[in-house]
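Structure data follow from input_3.cif (mmCIF, C-alpha atoms):
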```
data_run
loop_
_atom_site.label_atom_id
_atom_site.label_comp_id
_atom_site.auth_asym_id
_atom_site.auth_seq_id
_atom_site.Cartn_x
_atom_site.Cartn_y
_atom_site.Cartn_z
CA MET A 14 0.00 0.00 0.00
CA LYS A 15 2.86 2.35 0.72
CA ARG A 16 4.25 1.85 -2.78
CA ILE A 17 0.93 2.72 -4.30
CA LYS A 18 0.54 5.72 -2.08
CA GLY A 19 4.12 6.86 -2.82
CA ALA A 20 3.56 6.50 -6.51
CA GLU A 21 0.54 8.75 -6.27
CA GLU A 22 2.47 11.46 -4.48
CA GLY A 23 4.84 13.97 -6.03
CA SER A 24 8.33 14.67 -4.81
CA ASN A 25 7.01 17.14 -2.24
CA GLY A 26 4.56 14.62 -0.83
CA SER A 27 1.47 16.22 -2.33
CA PRO A 28 -0.87 14.10 -4.45
CA SER A 29 0.07 14.25 -8.17
CA LYS A 30 -2.53 15.42 -10.61
CA SER A 31 -4.01 13.09 -13.16
CA PRO A 32 -3.51 13.94 -16.90
CA PRO A 33 -7.00 15.47 -17.29
CA GLU A 34 -6.38 17.73 -14.28
CA VAL A 35 -3.00 18.80 -15.68
CA HIS A 36 -4.63 19.56 -19.01
CA LYS A 37 -7.30 21.68 -17.29
CA LYS A 38 -4.58 23.55 -15.39
CA VAL A 39 -2.72 24.35 -18.61
CA ARG A 40 -5.91 25.56 -20.26
CA LYS A 41 -6.63 27.76 -17.20
CA GLN A 42 -3.15 29.28 -17.34
CA LEU A 43 -3.55 29.99 -21.06
CA SER A 44 -6.94 31.61 -20.49
CA GLU A 45 -5.49 33.83 -17.74
CA ASP A 46 -2.65 35.00 -20.00
CA PRO A 47 -4.11 37.51 -22.48
CA GLU A 48 -1.13 37.15 -24.85
CA ALA A 49 -1.15 33.35 -24.86
CA GLU A 50 -3.01 31.49 -27.59
CA ASP A 51 -4.63 28.14 -27.09
CA PRO A 52 -3.89 26.00 -30.20
CA GLU A 53 -7.04 23.99 -29.59
CA ALA A 54 -9.11 27.17 -29.70
CA GLU A 55 -7.86 27.68 -33.26
CA ASP A 56 -8.85 24.18 -34.29
CA PRO A 57 -12.07 22.87 -32.68
CA GLU A 58 -11.62 19.63 -34.65
CA ALA A 59 -8.64 18.60 -32.47
CA GLU A 60 -9.26 16.26 -29.59
CA ALA A 61 -9.42 17.89 -26.19
CA GLY A 62 -6.63 15.76 -24.71
CA SER A 63 -4.19 15.86 -27.67
CA ASP A 64 -0.86 17.67 -27.48
CA TRP A 65 -0.02 17.20 -31.18
CA VAL A 66 -1.76 20.46 -32.02
CA ARG A 67 0.75 22.27 -29.84
CA LEU A 68 3.71 21.34 -32.07
CA PRO A 69 5.31 24.40 -33.72
CA GLN A 70 4.51 24.76 -37.39
CA GLU A 71 8.20 24.45 -38.32
CA LEU A 72 8.41 21.09 -36.55
CA LEU A 73 5.24 19.82 -38.18
CA LEU A 74 6.61 20.83 -41.57
CA HIS A 75 9.85 18.98 -40.83
CA ILE A 76 7.92 15.82 -39.91
CA PHE A 77 5.75 16.03 -43.02
CA GLN A 78 8.86 16.20 -45.21
CA TYR A 79 9.85 12.70 -44.07
CA LEU A 80 6.46 11.16 -44.82
CA PRO A 81 5.63 9.39 -48.09
CA LEU A 82 3.15 11.32 -50.20
CA LEU A 83 0.19 9.06 -49.42
CA ASP A 84 0.86 9.28 -45.68
CA ARG A 85 1.03 13.06 -45.98
CA ALA A 86 -2.36 13.08 -47.64
CA PHE A 87 -3.87 10.92 -44.88
CA ALA A 88 -2.28 13.11 -42.19
CA SER A 89 -3.73 16.24 -43.79
CA GLN A 90 -7.23 14.91 -42.97
CA VAL A 91 -6.57 14.76 -39.21
CA CYS A 92 -7.30 18.43 -38.48
CA ARG A 93 -7.41 21.84 -40.08
CA ARG A 94 -3.93 22.80 -38.93
CA TRP A 95 -2.33 19.70 -40.39
CA ASN A 96 -4.15 20.33 -43.63
CA GLN A 97 -2.68 23.84 -43.72
CA VAL A 98 0.82 22.39 -43.26
CA PHE A 99 0.13 19.88 -46.06
CA HIS A 100 -0.41 22.78 -48.47
CA MET A 101 2.55 24.93 -47.39
CA PRO A 102 4.76 25.87 -50.40
CA GLU A 103 7.92 24.69 -48.60
CA LEU A 104 6.60 21.12 -48.67
CA TRP A 105 6.26 21.06 -52.46
CA ARG A 106 9.56 22.50 -53.63
CA CYS A 107 11.10 19.04 -53.97
CA PHE A 108 8.96 16.26 -55.40
CA GLU A 109 9.35 12.93 -57.20
CA PHE A 110 6.56 11.62 -59.41
CA GLU A 111 6.53 7.82 -59.42
CA LEU A 112 4.71 6.54 -62.48
CA ASN A 113 4.33 2.78 -62.80
CA GLN A 114 1.74 0.49 -64.33
CA PRO A 115 0.39 -2.00 -61.75
CA ALA A 116 0.06 -4.71 -64.39
CA SER A 117 3.75 -4.57 -65.36
CA SER A 118 5.56 -3.24 -62.30
CA TYR A 119 5.68 -3.99 -58.57
CA LEU A 120 6.92 -0.48 -57.77
CA LYS A 121 4.62 1.96 -56.04
CA ALA A 122 3.03 4.80 -57.99
CA THR A 123 1.81 8.29 -57.22
CA HIS A 124 -1.99 8.23 -57.14
CA PRO A 125 -3.59 10.03 -60.14
CA ASP A 126 -5.89 12.08 -57.87
CA LEU A 127 -2.91 13.36 -55.93
CA ILE A 128 -1.15 14.28 -59.15
CA LYS A 129 -4.16 16.35 -60.22
CA GLN A 130 -4.19 18.13 -56.86
CA ILE A 131 -0.47 18.83 -57.06
CA ILE A 132 -0.75 20.33 -60.53
CA LYS A 133 -3.81 22.38 -59.56
CA ARG A 134 -2.56 23.80 -56.26
CA HIS A 135 1.23 23.42 -56.16
CA SER A 136 2.68 23.51 -59.67
CA ASN A 137 3.96 27.05 -59.08
CA HIS A 138 5.77 25.85 -55.92
CA LEU A 139 7.71 23.01 -57.60
CA GLN A 140 11.44 23.64 -57.98
CA TYR A 141 13.27 20.29 -57.68
CA VAL A 142 11.35 17.68 -59.67
CA SER A 143 12.11 14.17 -60.85
CA PHE A 144 10.08 11.52 -62.66
CA LYS A 145 10.71 7.85 -61.97
CA VAL A 146 8.97 5.68 -64.55
CA ASP A 147 8.94 1.98 -65.38
CA SER A 148 9.53 0.47 -68.81
CA SER A 149 5.97 0.99 -70.07
CA THR A 150 5.15 3.59 -72.68
CA GLU A 151 2.02 4.56 -70.73
CA SER A 152 4.11 5.72 -67.76
CA ALA A 153 6.45 7.76 -69.94
CA GLU A 154 3.49 9.39 -71.71
CA ALA A 155 1.95 10.21 -68.32
CA ALA A 156 5.20 11.95 -67.36
CA CYS A 157 5.06 14.00 -70.57
CA ASP A 158 1.45 14.95 -69.85
CA ILE A 159 2.46 16.25 -66.41
CA LEU A 160 5.41 18.18 -67.84
CA SER A 161 3.09 19.84 -70.37
CA GLN A 162 0.98 21.22 -67.51
CA LEU A 163 3.85 22.80 -65.59
CA VAL A 164 3.37 26.18 -67.24
CA ASN A 165 3.34 28.21 -64.03
CA CYS A 166 6.48 26.83 -62.41
CA SER A 167 10.15 27.68 -62.66
CA LEU A 168 12.11 24.50 -62.06
CA LYS A 169 15.69 24.48 -60.83
CA THR A 170 16.30 20.76 -61.31
CA LEU A 171 14.63 18.18 -63.53
CA GLY A 172 15.40 14.48 -63.71
CA LEU A 173 13.78 11.90 -65.98
CA ILE A 174 14.67 8.46 -64.62
CA SER A 175 13.74 5.22 -66.38
CA THR A 176 13.97 2.23 -64.07
CA ALA A 177 14.09 0.04 -67.18
CA ARG A 178 14.38 0.68 -70.90
CA PRO A 179 12.87 1.65 -73.31
CA SER A 180 10.35 3.97 -71.58
CA PHE A 181 10.83 7.54 -72.91
CA MET A 182 12.38 6.33 -76.17
CA GLU A 183 9.04 4.72 -77.07
CA VAL A 184 7.10 7.97 -76.65
CA PRO A 185 6.38 9.87 -79.88
CA LYS A 186 9.25 12.30 -80.29
CA SER A 187 6.97 15.29 -80.93
CA HIS A 188 5.05 14.62 -77.69
CA PHE A 189 8.24 14.43 -75.63
CA ILE A 190 9.86 17.50 -77.21
CA SER A 191 6.68 19.55 -76.78
CA ALA A 192 6.48 18.67 -73.08
CA LEU A 193 10.17 19.35 -72.47
CA THR A 194 9.97 22.69 -74.26
CA VAL A 195 7.26 23.83 -71.83
CA VAL A 196 9.72 23.37 -68.97
CA PHE A 197 12.65 24.93 -70.83
CA VAL A 198 10.66 28.05 -71.74
CA ASN A 199 9.05 28.61 -68.34
CA SER A 200 12.03 27.71 -66.17
CA LYS A 201 14.42 30.62 -66.32
CA SER A 202 16.75 29.28 -63.63
CA LEU A 203 17.24 25.60 -64.51
CA SER A 204 20.55 24.46 -63.01
CA SER A 205 20.42 20.65 -63.23
CA LEU A 206 19.03 18.52 -66.06
CA LYS A 207 19.14 14.70 -66.21
CA ILE A 208 17.58 13.38 -69.40
CA ASP A 209 19.38 10.10 -70.14
CA ASP A 210 17.75 7.70 -72.59
CA THR A 211 15.33 10.26 -74.06
CA PRO A 212 14.53 11.51 -77.60
CA VAL A 213 15.78 15.04 -76.87
CA ASP A 214 17.22 16.68 -80.02
CA ASP A 215 19.34 19.65 -81.12
CA PRO A 216 16.46 22.20 -81.54
CA SER A 217 15.20 21.50 -78.01
CA LEU A 218 18.72 22.02 -76.66
CA LYS A 219 18.76 25.42 -78.36
CA VAL A 220 15.56 26.30 -76.50
CA LEU A 221 17.24 25.18 -73.29
CA VAL A 222 20.23 27.40 -73.98
CA ALA A 223 18.11 30.40 -74.95
CA ASN A 224 16.29 30.39 -71.61
CA ASN A 225 18.72 28.89 -69.09
CA SER A 226 22.27 29.54 -70.32
CA ASP A 227 23.23 31.61 -67.25
CA THR A 228 22.11 29.04 -64.68
CA LEU A 229 22.74 25.54 -66.13
CA LYS A 230 25.47 23.75 -64.17
CA LEU A 231 24.77 20.03 -64.62
CA LEU A 232 23.69 18.21 -67.78
CA LYS A 233 23.40 14.42 -68.04
CA MET A 234 22.22 13.12 -71.38
CA SER A 235 23.78 9.74 -72.13
CA SER A 236 22.08 7.59 -74.75
CA CYS A 237 20.29 10.42 -76.55
CA PRO A 238 20.57 9.33 -80.20
CA HIS A 239 18.88 12.43 -81.69
CA VAL A 240 21.53 14.82 -80.34
CA SER A 241 24.51 15.56 -82.59
CA PRO A 242 28.00 16.82 -81.67
CA ALA A 243 26.87 20.24 -82.94
CA GLY A 244 23.97 20.23 -80.47
CA ILE A 245 26.11 19.55 -77.41
CA LEU A 246 28.70 22.03 -78.69
CA CYS A 247 25.98 24.70 -78.72
CA VAL A 248 25.37 24.02 -75.03
CA ALA A 249 29.08 24.28 -74.20
CA ASP A 250 29.46 27.50 -76.19
CA HIS A 251 26.68 29.32 -74.33
CA CYS A 252 26.43 27.70 -70.87
CA HIS A 253 29.67 28.95 -69.40
CA GLY A 254 28.70 27.88 -65.89
CA LEU A 255 28.49 24.20 -66.77
CA ARG A 256 30.37 22.14 -64.15
CA GLU A 257 29.18 18.56 -64.76
CA LEU A 258 28.54 16.90 -68.10
CA ALA A 259 27.64 13.28 -68.95
CA LEU A 260 27.26 12.06 -72.54
CA ASN A 261 28.06 9.27 -74.98
CA TYR A 262 31.41 9.11 -76.69
CA HIS A 263 29.96 9.83 -80.13
CA LEU A 264 29.12 13.37 -78.88
CA LEU A 265 32.65 13.99 -77.62
CA SER A 266 34.83 15.97 -80.01
CA ASP A 267 37.98 18.09 -80.03
CA GLU A 268 35.81 21.15 -80.58
CA LEU A 269 33.74 20.36 -77.47
CA LEU A 270 36.82 19.97 -75.27
CA LEU A 271 38.24 23.25 -76.57
CA ALA A 272 34.93 25.02 -75.89
CA LEU A 273 34.92 23.68 -72.32
CA SER A 274 38.50 24.92 -71.99
CA SER A 275 37.85 28.50 -73.12
CA GLU A 276 38.57 31.43 -70.81
CA LYS A 277 34.85 32.24 -70.61
CA HIS A 278 34.00 28.81 -69.22
CA VAL A 279 34.21 27.97 -65.51
CA HIS A 280 36.35 25.06 -64.37
CA LEU A 281 34.65 21.80 -65.23
CA GLU A 282 34.45 19.40 -62.24
CA HIS A 283 33.11 16.15 -63.74
CA LEU A 284 33.04 14.80 -67.28
CA ARG A 285 31.49 11.34 -67.71
CA ILE A 286 31.82 9.53 -71.02
CA ASP A 287 29.97 6.28 -71.87
CA VAL A 288 31.78 4.36 -74.60
CA VAL A 289 29.23 1.80 -75.75
CA SER A 290 29.33 -0.51 -78.75
CA GLU A 291 25.92 -1.20 -80.25
CA ASN A 292 27.25 -3.64 -82.85
CA PRO A 293 30.48 -5.70 -82.96
CA GLY A 294 33.18 -4.03 -85.04
CA GLN A 295 31.86 -0.49 -84.52
CA HIS A 296 34.32 2.29 -85.39
CA PHE A 297 35.24 4.99 -82.86
CA HIS A 298 36.97 8.28 -83.56
CA THR A 299 40.12 9.50 -81.80
CA ILE A 300 40.43 12.56 -79.56
CA LYS A 301 43.66 14.50 -79.98
CA LYS A 302 46.12 14.70 -77.12
CA SER A 303 46.28 18.49 -77.56
CA SER A 304 42.54 18.73 -76.80
CA TRP A 305 42.92 16.74 -73.59
CA ASP A 306 45.93 18.87 -72.64
CA ALA A 307 43.89 22.06 -73.08
CA MET A 308 41.20 20.60 -70.84
CA VAL A 309 43.70 19.73 -68.10
CA ARG A 310 45.34 23.17 -68.25
CA HIS A 311 41.98 24.89 -67.86
CA SER A 312 40.49 22.51 -65.25
CA PRO A 313 43.43 20.70 -63.63
CA LYS A 314 41.29 19.05 -60.95
CA PHE A 315 38.43 17.79 -63.12
CA ASN A 316 37.37 14.13 -62.95
CA LEU A 317 37.18 12.24 -66.23
CA VAL A 318 35.01 9.14 -65.75
CA MET A 319 34.90 6.65 -68.61
CA TYR A 320 32.67 3.56 -68.85
CA PHE A 321 33.70 1.10 -71.56
CA PHE A 322 31.31 -1.51 -72.95
CA LEU A 323 33.30 -2.58 -76.01
CA TYR A 324 34.48 -5.76 -77.64
CA GLU A 325 38.21 -6.46 -77.47
CA ASP A 326 38.91 -5.53 -81.09
CA GLU A 327 37.27 -2.08 -80.72
CA PHE A 328 39.82 -0.51 -78.34
CA GLY A 329 42.18 0.57 -81.13
CA PRO A 330 41.62 4.38 -80.82
CA PHE A 331 41.97 4.46 -77.02
CA PHE A 332 44.95 4.94 -74.69
CA ASN A 333 47.57 5.22 -77.43
CA GLU A 334 48.54 8.63 -76.05
CA GLU A 335 48.28 10.20 -72.61
CA THR A 336 44.64 10.37 -71.50
CA PRO A 337 43.62 12.29 -68.35
CA VAL A 338 41.08 9.67 -67.21
CA THR A 339 40.62 9.43 -63.42
CA HIS A 340 37.93 6.72 -63.07
CA LEU A 341 37.98 3.81 -65.49
CA TYR A 342 35.39 1.03 -65.73
CA PHE A 343 35.58 -1.91 -68.15
CA GLY A 344 32.16 -3.53 -68.30
CA ARG A 345 33.11 -6.17 -70.86
CA SER A 346 36.20 -8.22 -71.47
CA VAL A 347 39.34 -6.10 -71.94
CA SER A 348 42.64 -7.37 -73.32
CA LYS A 349 46.05 -7.42 -71.63
CA ASP A 350 47.32 -5.06 -74.32
CA VAL A 351 44.72 -2.39 -73.46
CA LEU A 352 45.48 -2.62 -69.73
CA GLY A 353 49.16 -2.29 -70.56
CA ARG A 354 48.45 0.94 -72.43
CA VAL A 355 46.43 2.19 -69.46
CA GLY A 356 49.47 1.71 -67.24
CA LEU A 357 51.61 3.76 -69.61
CA HIS A 358 49.25 6.57 -70.61
CA CYS A 359 46.84 7.22 -67.69
CA PRO A 360 48.92 8.92 -64.95
CA ARG A 361 45.84 10.60 -63.35
CA LEU A 362 44.04 7.30 -62.74
CA VAL A 363 42.35 7.11 -59.33
CA GLU A 364 39.98 4.15 -59.74
CA LEU A 365 40.18 1.03 -61.91
CA VAL A 366 37.44 -1.62 -62.27
CA VAL A 367 37.92 -4.65 -64.53
CA CYS A 368 34.82 -6.81 -64.73
CA ALA A 369 36.29 -9.46 -67.04
CA ASN A 370 39.51 -10.33 -68.83
CA GLY A 371 39.94 -14.00 -69.50
CA LEU A 372 42.26 -16.76 -68.37
CA ARG A 373 45.61 -14.99 -68.87
CA PRO A 374 47.02 -13.53 -65.61
CA LEU A 375 47.24 -9.74 -65.41
CA ASP A 376 50.38 -9.69 -63.26
CA GLU A 377 52.57 -7.42 -65.40
CA GLU A 378 49.74 -5.08 -66.35
CA LEU A 379 48.57 -4.46 -62.78
CA ILE A 380 52.12 -3.92 -61.52
CA ARG A 381 52.72 -1.42 -64.31
CA ILE A 382 49.51 0.43 -63.43
CA ALA A 383 50.45 0.53 -59.74
CA LYS A 384 53.90 1.86 -60.64
CA HIS A 385 52.88 4.65 -63.01
CA CYS A 386 49.44 5.64 -61.62
CA THR A 387 50.63 7.19 -58.38
CA GLN A 388 47.14 8.44 -57.42
CA LEU A 389 45.45 5.04 -57.70
CA SER A 390 43.28 4.54 -54.59
CA ALA A 391 40.56 2.06 -55.68
CA ILE A 392 40.76 -1.28 -57.51
CA GLY A 393 38.01 -3.74 -58.39
CA LEU A 394 38.62 -7.04 -60.18
CA GLY A 395 35.95 -9.48 -61.33
CA GLU A 396 36.27 -12.35 -63.81
CA CYS A 397 40.02 -12.22 -64.37
CA GLU A 398 43.17 -13.76 -62.88
CA VAL A 399 46.24 -12.48 -61.00
CA SER A 400 48.81 -14.43 -59.04
CA CYS A 401 48.92 -13.92 -55.28
CA SER A 402 52.54 -12.73 -55.43
CA ALA A 403 51.78 -10.09 -58.08
CA PHE A 404 48.71 -8.94 -56.16
CA VAL A 405 50.74 -8.47 -52.97
CA GLU A 406 53.30 -6.51 -54.98
CA VAL A 407 50.56 -4.21 -56.33
CA VAL A 408 49.22 -3.58 -52.82
CA LYS A 409 52.73 -2.95 -51.51
CA MET A 410 53.37 -0.33 -54.22
CA CYS A 411 50.07 1.47 -53.61
CA GLY A 412 50.21 1.18 -49.83
CA ARG A 413 47.61 2.66 -47.55
CA ARG A 414 46.24 5.00 -50.19
CA LEU A 415 44.20 2.02 -51.44
CA ALA A 416 40.95 3.05 -49.76
CA GLN A 417 38.86 0.60 -51.83
CA LEU A 418 40.05 -2.89 -52.72
CA SER A 419 37.35 -5.24 -53.99
CA ILE A 420 38.80 -8.50 -55.34
CA MET A 421 36.82 -11.69 -55.87
CA GLU A 422 38.49 -14.71 -54.27
CA GLU A 423 38.34 -16.56 -57.60
CA VAL A 424 40.63 -13.90 -59.11
CA LEU A 425 43.61 -14.78 -56.89
CA ILE A 426 45.80 -17.69 -58.05
CA PRO A 427 47.93 -19.32 -55.32
CA ASP A 428 51.64 -19.64 -56.08
CA HIS A 429 54.90 -20.68 -54.39
CA LYS A 430 54.83 -17.65 -52.05
CA TYR A 431 51.24 -17.27 -50.89
CA SER A 432 48.18 -19.43 -50.52
CA LEU A 433 44.65 -18.11 -50.25
CA ASP A 434 44.78 -18.62 -46.50
CA GLU A 435 47.94 -16.54 -46.18
CA ILE A 436 47.35 -13.69 -48.56
CA HIS A 437 44.85 -11.73 -46.47
CA TRP A 438 47.43 -11.37 -43.68
CA GLU A 439 50.06 -9.99 -46.03
CA VAL A 440 47.64 -7.63 -47.76
CA SER A 441 46.22 -6.44 -44.43
CA LYS A 442 49.75 -5.61 -43.26
CA HIS A 443 50.38 -3.28 -46.21
CA LEU A 444 46.92 -1.70 -46.10
CA GLY A 445 47.06 -1.03 -42.37
CA ARG A 446 43.63 -2.62 -41.87
CA VAL A 447 42.03 -6.03 -41.95
CA TRP A 448 41.26 -7.18 -45.50
CA PHE A 449 39.69 -10.29 -47.00
CA PRO A 450 38.88 -11.08 -50.64
CA ASP A 451 35.22 -10.93 -51.62
CA MET A 452 33.28 -14.16 -51.66
CA MET A 453 30.80 -15.15 -54.33
CA PRO A 454 27.46 -15.63 -52.54
CA THR A 455 25.80 -19.02 -52.93
CA TRP A 456 22.06 -19.52 -52.57
#
```

Let me see the file written as structure tokens.
Amino acid sequence: MKRIKGAEEGSNGSPSKSPPEVHKKVRKQLSEDPEAEDPEAEDPEAEAGSDWVRLPQELLLHIFQYLPLLDRAFASQVCRRWNQVFHMPELWRCFEFELNQPASSYLKATHPDLIKQIIKRHSNHLQYVSFKVDSSTESAEAACDILSQLVNCSLKTLGLISTARPSFMEVPKSHFISALTVVFVNSKSLSSLKIDDTPVDDPSLKVLVANNSDTLKLLKMSSCPHVSPAGILCVADHCHGLRELALNYHLLSDELLLALSSEKHVHLEHLRIDVVSENPGQHFHTIKKSSWDAMVRHSPKFNLVMYFFLYEDEFGPFFNEETPVTHLYFGRSVSKDVLGRVGLHCPRLVELVVCANGLRPLDEELIRIAKHCTQLSAIGLGECEVSCSAFVEVVKMCGRRLAQLSIMEEVLIPDHKYSLDEIHWEVSKHLGRVWFPDMMPTW
């Protein structure tokens, strides 16, 4: 009985008040203070015993920003105050439209009724917008329909993301260009544009430049077959604030590199090039060393990221002279000869990923790369082979600057010096941290 009695008493021995009594006391204090406002008086729909209505508006807005769209909509029906927060402009500056067909995709989708409400009430608030669509043409056309209605907004970023091909490439070109032009014309401060795998063309890029040349800083447009080298050159000539650019190799030219290296242009930070072969035996042009040199002189710290998806006999034009590549990814099989040229002509290399090579060990090539590429800090090896002794030598030459080392266990070939059980100790010693080769999961 004493415990129960003690639990009912406060620290001063007086009986503690039950929650309803405390609530009444707070309401009495608020009513006695002429300057105090009772949040529940503003919203008679709130429950008498709820403290949620007392949350500051800034905190409610912060909470709403973490909620999925559908949960936001449900929360907005709780009370008048939450509904007001739901419609605050700050909540609609950044938004991602998810457009998927239930019959062909398991991904969630933004409800059509919510999309209508957003366009009706919040289109002029949208600033950072992205569209995530599945592979269906219907979803891509729905994205174009939404873009066509954004006539009262001034976007700062726009991203069109296809979770699977073909998507936007299956939309009639005129429909897509018309929708994109609406955004280009009405958005006078567009700074970031991601339109990979879309039917964008040269005339639409001219509209982009005419309205957003002073603000555009990032442009990603890989796999855009209707854009010519002249079209991307127009962008480089007029958008002098461009800092990041991603495109296919067929759009890269000496003229483009010289335009990006002009005195009017800011220092480029990232240049990503996708080198993709659509058909075996495809021919690729060569970029002059003088053009790369001009780029390095103008932007000495820029990152050149190159993704190669070529057949072995298509690497002829590459790495015969010094190339300022920093991040190099080989998605298909690459020959020993090509990797040897990389070791000789890529002194700025920071990251190297080889997904496949064959059954001939890459000992000499990797040692040469480690010797000449003094900034190398990340290596990934997949379906290829290297002896344990050569691998230890590579790690010893690179030392602790190797922040990332992802090597499949099947890559390492035991020899007279090291077995698979011993190599992780030797590598860990040179890295200054515990290291193990990656294991192929089995399930």

For the file shown, report as a PyMOL selection string the outcome of the PyMOL selection byres ((chain A and resi 265) around 12) at residue level.
chain A and resi 235+240-246+249+258-264+266-273+284-288+297-301+304-305+319

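Residue nearest Ile159 (chain A), chosen from A:Glu111, A:Glu276, A:Glu291, A:Glu327 and counting all atoms listed in the file: A:Glu111.
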
Which value, in Å to one decimal, gives the distance between CA of Glu154 (chain A) and CA of Leu168 (chain A)?
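Here the two named atoms are 19.9 Å from each other.
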
Which value, in Å to one decimal, gives the distance between CA of His296 (chain A) and CA of Tyr324 (chain A)?
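Between CA of His296 (chain A) and CA of Tyr324 (chain A) the gap is 11.2 Å.
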
May I have the residues within 10 Å of Phe449 (chain A) as a PyMOL selection string, using all atoms listed in the file and disregarding those fewer than 6 positions away in the same chain?
chain A and resi 418-422+433-434+436-438+440-441

With all atoms listed in the file as the counted atoms, please give the residues lying no more than 9 Å from region 352-356 of chain A, apart from itself and same-chain residues fewer than 2 positions off, as a PyMOL selection string.
chain A and resi 331-336+347-350+358-360+362+375+377-386

re CA of Phe315 (chain A) and CA of Leu281 (chain A): distance 5.9 Å

Residue contacts of His188 (chain A) (12 Å, only C-alpha atoms) excluding same-chain residues fewer than 4 positions away, as a compact mmCIF listing (two decimals) with C-alpha atoms, keeping the file's coordinate frame:
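Printed below is result.txt as written:
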```
# COMPACT_ATOMS: atom_id res chain seq x y z
CA ALA A 153 6.45 7.76 -69.94
CA GLU A 154 3.49 9.39 -71.71
CA ALA A 155 1.95 10.21 -68.32
CA ALA A 156 5.20 11.95 -67.36
CA CYS A 157 5.06 14.00 -70.57
CA ASP A 158 1.45 14.95 -69.85
CA ILE A 159 2.46 16.25 -66.41
CA LEU A 160 5.41 18.18 -67.84
CA SER A 161 3.09 19.84 -70.37
CA PHE A 181 10.83 7.54 -72.91
CA MET A 182 12.38 6.33 -76.17
CA GLU A 183 9.04 4.72 -77.07
CA VAL A 184 7.10 7.97 -76.65
CA ALA A 192 6.48 18.67 -73.08
CA LEU A 193 10.17 19.35 -72.47
CA THR A 194 9.97 22.69 -74.26
CA VAL A 195 7.26 23.83 -71.83
CA THR A 211 15.33 10.26 -74.06
CA PRO A 212 14.53 11.51 -77.60
CA VAL A 213 15.78 15.04 -76.87
```

Report as a PDB file with C-alpha atoms, in the frame of the given file all protein, DNA and RNA residues lying within 8 Å of Ile392 (chain A), evaluated on all atoms listed in the file, omitting residues in the same chain fewer than 2 positions from it.
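Written output follows (selection.pdb):
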```
ATOM      1  CA  GLU A 364      39.980   4.150 -59.740  1.00  0.00           C
ATOM      2  CA  LEU A 365      40.180   1.030 -61.910  1.00  0.00           C
ATOM      3  CA  VAL A 366      37.440  -1.620 -62.270  1.00  0.00           C
ATOM      4  CA  LEU A 389      45.450   5.040 -57.700  1.00  0.00           C
ATOM      5  CA  SER A 390      43.280   4.540 -54.590  1.00  0.00           C
ATOM      6  CA  LEU A 394      38.620  -7.040 -60.180  1.00  0.00           C
ATOM      7  CA  LEU A 415      44.200   2.020 -51.440  1.00  0.00           C
ATOM      8  CA  GLN A 417      38.860   0.600 -51.830  1.00  0.00           C
ATOM      9  CA  LEU A 418      40.050  -2.890 -52.720  1.00  0.00           C
ATOM     10  CA  SER A 419      37.350  -5.240 -53.990  1.00  0.00           C
ATOM     11  CA  ILE A 420      38.800  -8.500 -55.340  1.00  0.00           C
TER      12      ILE A 420
END
```

Return the single residue from A:Leu72, A:Val220, A:Leu372, A:Leu206 that is closest to Glu398 (chain A), with distances computed using all atoms listed in the file.
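Smallest distance to Glu398 (chain A) is found for A:Leu372.
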
What's the 12 Å shell around Thr123 (chain A), counting only C-alpha atoms, without same-chain residues fewer than 6 positions away, as an mmCIF file with C-alpha atoms, in the coordinates of the input?
```cif
data_model
loop_
_atom_site.group_PDB
_atom_site.id
_atom_site.type_symbol
_atom_site.label_atom_id
_atom_site.label_comp_id
_atom_site.auth_asym_id
_atom_site.auth_seq_id
_atom_site.Cartn_x
_atom_site.Cartn_y
_atom_site.Cartn_z
ATOM 1 C CA PRO A 81 5.630 9.390 -48.090
ATOM 2 C CA LEU A 82 3.150 11.320 -50.200
ATOM 3 C CA LEU A 83 0.190 9.060 -49.420
ATOM 4 C CA ASP A 84 0.860 9.280 -45.680
ATOM 5 C CA ALA A 86 -2.360 13.080 -47.640
ATOM 6 C CA PHE A 108 8.960 16.260 -55.400
ATOM 7 C CA GLU A 109 9.350 12.930 -57.200
ATOM 8 C CA PHE A 110 6.560 11.620 -59.410
ATOM 9 C CA GLU A 111 6.530 7.820 -59.420
ATOM 10 C CA LEU A 112 4.710 6.540 -62.480
ATOM 11 C CA ASN A 113 4.330 2.780 -62.800
ATOM 12 C CA GLN A 114 1.740 0.490 -64.330
ATOM 13 C CA PRO A 115 0.390 -2.000 -61.750
ATOM 14 C CA LYS A 129 -4.160 16.350 -60.220
ATOM 15 C CA GLN A 130 -4.190 18.130 -56.860
ATOM 16 C CA ILE A 131 -0.470 18.830 -57.060
ATOM 17 C CA PHE A 144 10.080 11.520 -62.660
ATOM 18 C CA LYS A 145 10.710 7.850 -61.970
ATOM 19 C CA VAL A 146 8.970 5.680 -64.550
ATOM 20 C CA SER A 152 4.110 5.720 -67.760
ATOM 21 C CA ALA A 155 1.950 10.210 -68.320
ATOM 22 C CA ALA A 156 5.200 11.950 -67.360
#
```

For the provided coordinates, the residues matched by the PyMOL selection byres ((chain A and resi 252) around 10) should be stated as a list of chain:residue names.
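So the PyMOL selection byres ((chain A and resi 252) around 10) ends up selecting A:Leu221, A:Val222, A:Ala223, A:Asn225, A:Ser226, A:Asp227, A:Thr228, A:Leu229, A:Lys230, A:Leu246, A:Cys247, A:Val248, A:Ala249, A:Asp250, A:His251, A:His253, A:Gly254, A:Leu255, A:Arg256, A:Leu273, A:Lys277, A:His278, A:Val279.
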